Amino acid sequence: MTNKNPTVLAIVLAGGEGKRLMPLTQDRAKPAVPFGGIYRLIDFSLSNIVNSGYLHIVVLTQYKSHSLDRHISRTWRMSNLLGNYITPVPAQQRVGKNWYLGSADAIYQSLNIVHDEQPDIIVITGADNIYRMDFSQMVAQHIESGLDLTVAGIRQPKSLASSFGVIDRDPSDPYRVRQFLEKPTDVAGLPDSPDEVLASMGNYVFTTKALIDALNEDAKNENSAHDMGGSIVPMFVESGNCGVYDFTFNDIPGSTERDKNYWRDVGTIDSFFEANMDLIAISPIFNLYNRRWPLLTGYTGLPPAKFVYGHHERLGHALDSIVSPGVIVSGGEVIGSVLSPFVRVNSWSSVRDSVLFDNVNVGRNATVVRAIIDKNVRIDDGAQLGVDHEHDRARGFFISPEGIVVVPKNAHVSA
């Protein structure tokens, strides 16, 4: 491809069930899970695409997609006058009676969109990772390479290689993929960093015709898993037509040395909790306050947060925390936590090292430690969470391997 100003269609794969994030995904798709107080997980992928200058975007949904569809339609509105759009596209059984059989099948069943749009380039991303990325830099490398597929790679500890697809680069051409190893148990480290591997981020840039041909071929293979990483990428690797974009070289305006190249797969309760905690340091590991590459979402028209009671025995305060609009801290303490809109923390209560979703009410003299509490939960006066895990389990609450207590949506926590 020689076109230096290609037309680009972005496809966001947002149909994941997110079983490892249960019970947070009990009532919603994984990309719709709240994060960082006011965001949904999908906001990070969409913000990156929009900030990269790509304004024709479809979001392929499937599993429990109502709240995700509602969030996209209410929040992500583009100018019809300029022909820009972000639209959710549900599974439609357009080519048979099956729902999506995998990520590749999701795109195959939605090729009508590609045929209507007729883009030169297709950018494909997941919808549930936390990061900043300028996709235009990856597209520029893709065009320059002349290859039909470019896979984004992120440096990860070698000890985590079995959790990712690992990219093995050609020694004679570091921009070309020699092998794509799916979750290997034994793999060599990078030449310049033996304790790291280059893992696939699940972000791809395709030349359109090559992707269509590959999807059609994959659809005919009854033995295929119909997965982008497991089925489509190996086809391009085997033909020598797959390149790699090293995320290390992605330059984001306003980034700092501390948060440069940050990327987190929040696929488990513990990784989700840790990613929230990354936000609240004085110098955050992931910086929400970079105004040159904004993270966009839909909370508007909410009242400011409020802190009331100034008596030393009844002091409403929050330290080392994120406090969203609409929160009221009424005589309680909040330390090292993330509070979403309309959370209320009442007198003499304590919330520490926790993530509270929208409209949680913490009663008087209650204690919450190392917990994730979903929307609309009511915590009684004097109740305790995270203090006695056996008691928490007896009440039916999930406890993660790292000891994070998870309270599901609309639950009532008794004293």
# chains A, B, ... in the order shown; residues from 1 in each chain; ligands from 1

$ select_by_dssp --residues "range 89-295 of chain A" --states "strand (DSSP E)" --output "JSON, numbers by chain"
{"A": [89, 90, 121, 122, 123, 124, 125, 126, 129, 130, 131, 149, 150, 151, 152, 153, 154, 155, 156, 157, 165, 166, 167, 168, 169, 170, 173, 174, 175, 176, 177, 178, 179, 180, 181, 182, 196, 197, 198, 199, 200, 201, 202, 203, 204, 205, 206, 207, 242, 243, 244, 245, 246, 263, 264, 265]}

$ residues_around --residues "Val343 in chain A" --least-positions-apart "5" --cutoff "12 Å" --atoms "only C-alpha atoms" --output "PyMOL selection string"
chain A and resi 37-38+305-307+322-330+334+337-338+351+355-363+373-379

$ closest_atom_pairs --of "range 65-159 of chain A" --to "range 167-187 of chain A" --cutoff "12 Å" --atoms "only C-alpha atoms" --output "tab-separated table"
residue	atom	partner	partner_atom	distance
A:Met138	CA	A:Tyr175	CA	11.5
A:Gln141	CA	A:Tyr175	CA	9.1
A:His142	CA	A:Tyr175	CA	9.7
A:Glu144	CA	A:Tyr175	CA	10.8
A:Ser145	CA	A:Tyr175	CA	8.1
A:Gly146	CA	A:Arg176	CA	10.9
A:Leu147	CA	A:Arg176	CA	8.8
A:Asp148	CA	A:Arg176	CA	11.2
A:Leu149	CA	A:Arg176	CA	9.9
A:Thr150	CA	A:Arg176	CA	8.6
A:Val151	CA	A:Val177	CA	8.7
A:Ala152	CA	A:Ile167	CA	9.4
A:Gly153	CA	A:Ile167	CA	7.2
A:Ile154	CA	A:Ile167	CA	9.5
A:Arg155	CA	A:Ile167	CA	10.0
A:Gln156	CA	A:Ile167	CA	11.2
A:Pro157	CA	A:Val187	CA	11.5
A:Lys158	CA	A:Val187	CA	7.9
A:Ser159	CA	A:Thr185	CA	9.0

$ write_last_selection --atoms "all heavy atoms" --output "compact mmCIF listing (two decimals), in the first residue's frame"
# COMPACT_ATOMS: atom_id res chain seq x y z
N MET A 138 1.21 3.45 14.84
CA MET A 138 1.23 2.04 14.43
C MET A 138 0.79 1.90 12.97
O MET A 138 1.37 1.12 12.20
CB MET A 138 0.33 1.23 15.36
CG MET A 138 0.31 -0.26 15.09
SD MET A 138 -0.72 -1.10 16.33
CE MET A 138 -0.74 -2.78 15.67
N GLN A 141 3.64 2.89 10.63
CA GLN A 141 4.63 1.83 10.46
C GLN A 141 4.08 0.72 9.56
O GLN A 141 4.81 0.16 8.73
CB GLN A 141 5.03 1.23 11.81
CG GLN A 141 6.07 0.11 11.66
CD GLN A 141 6.34 -0.63 12.95
OE1 GLN A 141 6.81 -0.03 13.92
NE2 GLN A 141 6.07 -1.94 12.99
N HIS A 142 2.80 0.40 9.74
CA HIS A 142 2.17 -0.64 8.93
C HIS A 142 2.26 -0.30 7.44
O HIS A 142 2.63 -1.14 6.61
CB HIS A 142 0.71 -0.81 9.35
CG HIS A 142 -0.07 -1.77 8.50
ND1 HIS A 142 0.00 -3.13 8.67
CD2 HIS A 142 -0.90 -1.55 7.44
CE1 HIS A 142 -0.77 -3.72 7.77
NE2 HIS A 142 -1.33 -2.78 7.02
N GLU A 144 4.33 1.80 5.98
CA GLU A 144 5.74 1.83 5.58
C GLU A 144 6.29 0.43 5.35
O GLU A 144 7.11 0.20 4.46
CB GLU A 144 6.56 2.55 6.65
CG GLU A 144 8.02 2.76 6.29
CD GLU A 144 8.21 3.75 5.15
OE1 GLU A 144 7.33 4.61 4.95
OE2 GLU A 144 9.24 3.65 4.46
N SER A 145 5.82 -0.54 6.14
CA SER A 145 6.36 -1.91 6.05
C SER A 145 5.93 -2.62 4.78
O SER A 145 6.62 -3.53 4.29
CB SER A 145 5.91 -2.73 7.27
OG SER A 145 4.53 -3.08 7.18
N GLY A 146 4.75 -2.27 4.26
CA GLY A 146 4.22 -2.97 3.10
C GLY A 146 3.61 -4.31 3.43
O GLY A 146 3.16 -5.03 2.52
N LEU A 147 3.56 -4.68 4.71
CA LEU A 147 2.96 -5.95 5.13
C LEU A 147 1.45 -5.79 5.28
O LEU A 147 0.92 -4.68 5.34
CB LEU A 147 3.59 -6.41 6.45
CG LEU A 147 5.11 -6.64 6.42
CD1 LEU A 147 5.64 -6.93 7.82
CD2 LEU A 147 5.45 -7.78 5.46
N ASP A 148 0.77 -6.92 5.36
CA ASP A 148 -0.70 -6.88 5.43
C ASP A 148 -1.24 -6.92 6.85
O ASP A 148 -2.43 -6.66 7.07
CB ASP A 148 -1.29 -8.05 4.65
CG ASP A 148 -1.22 -7.83 3.14
OD1 ASP A 148 -1.26 -6.65 2.73
OD2 ASP A 148 -1.11 -8.81 2.39
N LEU A 149 -0.40 -7.26 7.83
CA LEU A 149 -0.83 -7.28 9.22
C LEU A 149 0.31 -6.75 10.09
O LEU A 149 1.46 -7.13 9.91
CB LEU A 149 -1.20 -8.70 9.68
CG LEU A 149 -1.32 -8.94 11.20
CD1 LEU A 149 -2.40 -8.06 11.81
CD2 LEU A 149 -1.57 -10.41 11.48
N THR A 150 -0.05 -5.90 11.05
CA THR A 150 0.88 -5.48 12.09
C THR A 150 0.23 -5.73 13.44
O THR A 150 -0.92 -5.34 13.67
CB THR A 150 1.24 -3.99 11.95
OG1 THR A 150 1.81 -3.76 10.66
CG2 THR A 150 2.24 -3.58 13.02
N VAL A 151 0.97 -6.40 14.32
CA VAL A 151 0.50 -6.74 15.67
C VAL A 151 1.23 -5.84 16.67
O VAL A 151 2.46 -5.69 16.59
CB VAL A 151 0.78 -8.22 15.99
CG1 VAL A 151 0.29 -8.58 17.40
CG2 VAL A 151 0.14 -9.13 14.96
N ALA A 152 0.50 -5.27 17.61
CA ALA A 152 1.13 -4.47 18.65
C ALA A 152 1.68 -5.37 19.74
O ALA A 152 1.00 -6.28 20.22
CB ALA A 152 0.12 -3.49 19.26
N GLY A 153 2.93 -5.12 20.14
CA GLY A 153 3.58 -5.91 21.18
C GLY A 153 3.93 -5.06 22.39
O GLY A 153 4.38 -3.92 22.24
N ILE A 154 3.74 -5.61 23.56
CA ILE A 154 4.07 -4.93 24.81
C ILE A 154 5.07 -5.78 25.58
O ILE A 154 4.93 -7.01 25.66
CB ILE A 154 2.79 -4.69 25.67
CG1 ILE A 154 3.14 -4.08 27.03
CG2 ILE A 154 2.01 -5.99 25.88
CD1 ILE A 154 3.45 -2.64 26.99
N ARG A 155 6.10 -5.17 26.11
CA ARG A 155 7.08 -5.91 26.89
C ARG A 155 6.48 -6.31 28.23
O ARG A 155 5.95 -5.46 28.95
CB ARG A 155 8.33 -5.07 27.08
CG ARG A 155 9.06 -4.82 25.76
CD ARG A 155 10.31 -3.99 25.91
NE ARG A 155 10.95 -3.83 24.60
CZ ARG A 155 12.25 -4.00 24.38
NH1 ARG A 155 13.06 -4.32 25.39
NH2 ARG A 155 12.75 -3.84 23.17
N GLN A 156 6.58 -7.59 28.53
CA GLN A 156 6.05 -8.15 29.77
C GLN A 156 7.10 -9.06 30.41
O GLN A 156 7.97 -9.59 29.72
CB GLN A 156 4.78 -8.95 29.49
CG GLN A 156 3.59 -8.12 29.04
CD GLN A 156 2.98 -7.30 30.16
OE1 GLN A 156 2.35 -7.82 31.07
NE2 GLN A 156 3.19 -5.98 30.11
N PRO A 157 7.02 -9.24 31.75
CA PRO A 157 7.97 -10.15 32.39
C PRO A 157 7.90 -11.55 31.78
O PRO A 157 6.81 -12.05 31.47
CB PRO A 157 7.50 -10.16 33.85
CG PRO A 157 6.78 -8.87 34.03
CD PRO A 157 6.13 -8.59 32.72
N LYS A 158 9.05 -12.15 31.60
CA LYS A 158 9.12 -13.50 31.03
C LYS A 158 8.30 -14.49 31.85
O LYS A 158 7.73 -15.46 31.31
CB LYS A 158 10.59 -13.94 30.95
CG LYS A 158 10.83 -15.29 30.30
CD LYS A 158 12.32 -15.59 30.26
CE LYS A 158 12.60 -16.99 29.74
NZ LYS A 158 14.06 -17.29 29.73
N SER A 159 8.21 -14.25 33.15
CA SER A 159 7.46 -15.15 34.03
C SER A 159 5.97 -15.19 33.69
O SER A 159 5.26 -16.13 34.08
CB SER A 159 7.64 -14.73 35.49
OG SER A 159 7.19 -13.39 35.69

$ closest_atom_pairs --of "range 11-65 of chain A" --to "range 262-285 of chain A" --cutoff "12 Å" --atoms "only C-alpha atoms" --output "tab-separated table"
residue	atom	partner	partner_atom	distance
A:Gly16	CA	A:Gly267	CA	10.5
A:Glu17	CA	A:Gly267	CA	10.5
A:Gly18	CA	A:Gly267	CA	7.0
A:Lys19	CA	A:Gly267	CA	8.6
A:Arg20	CA	A:Thr268	CA	5.1
A:Leu21	CA	A:Thr268	CA	5.1
A:Met22	CA	A:Ile269	CA	7.8
A:Pro23	CA	A:Ile269	CA	9.2
A:Leu24	CA	A:Ile269	CA	8.6
A:Thr25	CA	A:Ile269	CA	10.6
A:Lys30	CA	A:Gly267	CA	8.7
A:Pro31	CA	A:Val266	CA	10.3
A:Val33	CA	A:Phe272	CA	10.0
A:Pro34	CA	A:Phe272	CA	10.3
A:Phe35	CA	A:Asn276	CA	7.0
A:Gly36	CA	A:Asn276	CA	5.8
A:Gly37	CA	A:Asn276	CA	8.9
A:Ile38	CA	A:Asn276	CA	11.7
A:Tyr39	CA	A:Asn276	CA	11.2
A:Leu41	CA	A:Val266	CA	9.1
A:Ile42	CA	A:Val266	CA	11.8
A:Phe44	CA	A:Trp263	CA	10.8
A:Ser45	CA	A:Trp263	CA	11.5

$ atom_distance --atom1 "CA of Pro303 in chain A" --atom2 "CA of Ala32 in chain A"
23.3 Å

$ closest_residue --among "A:Ser110, A:Ser200, A:Gln384, A:Asn51" --to "Ser414 in chain A" --atoms "only C-alpha atoms"
A:Gln384
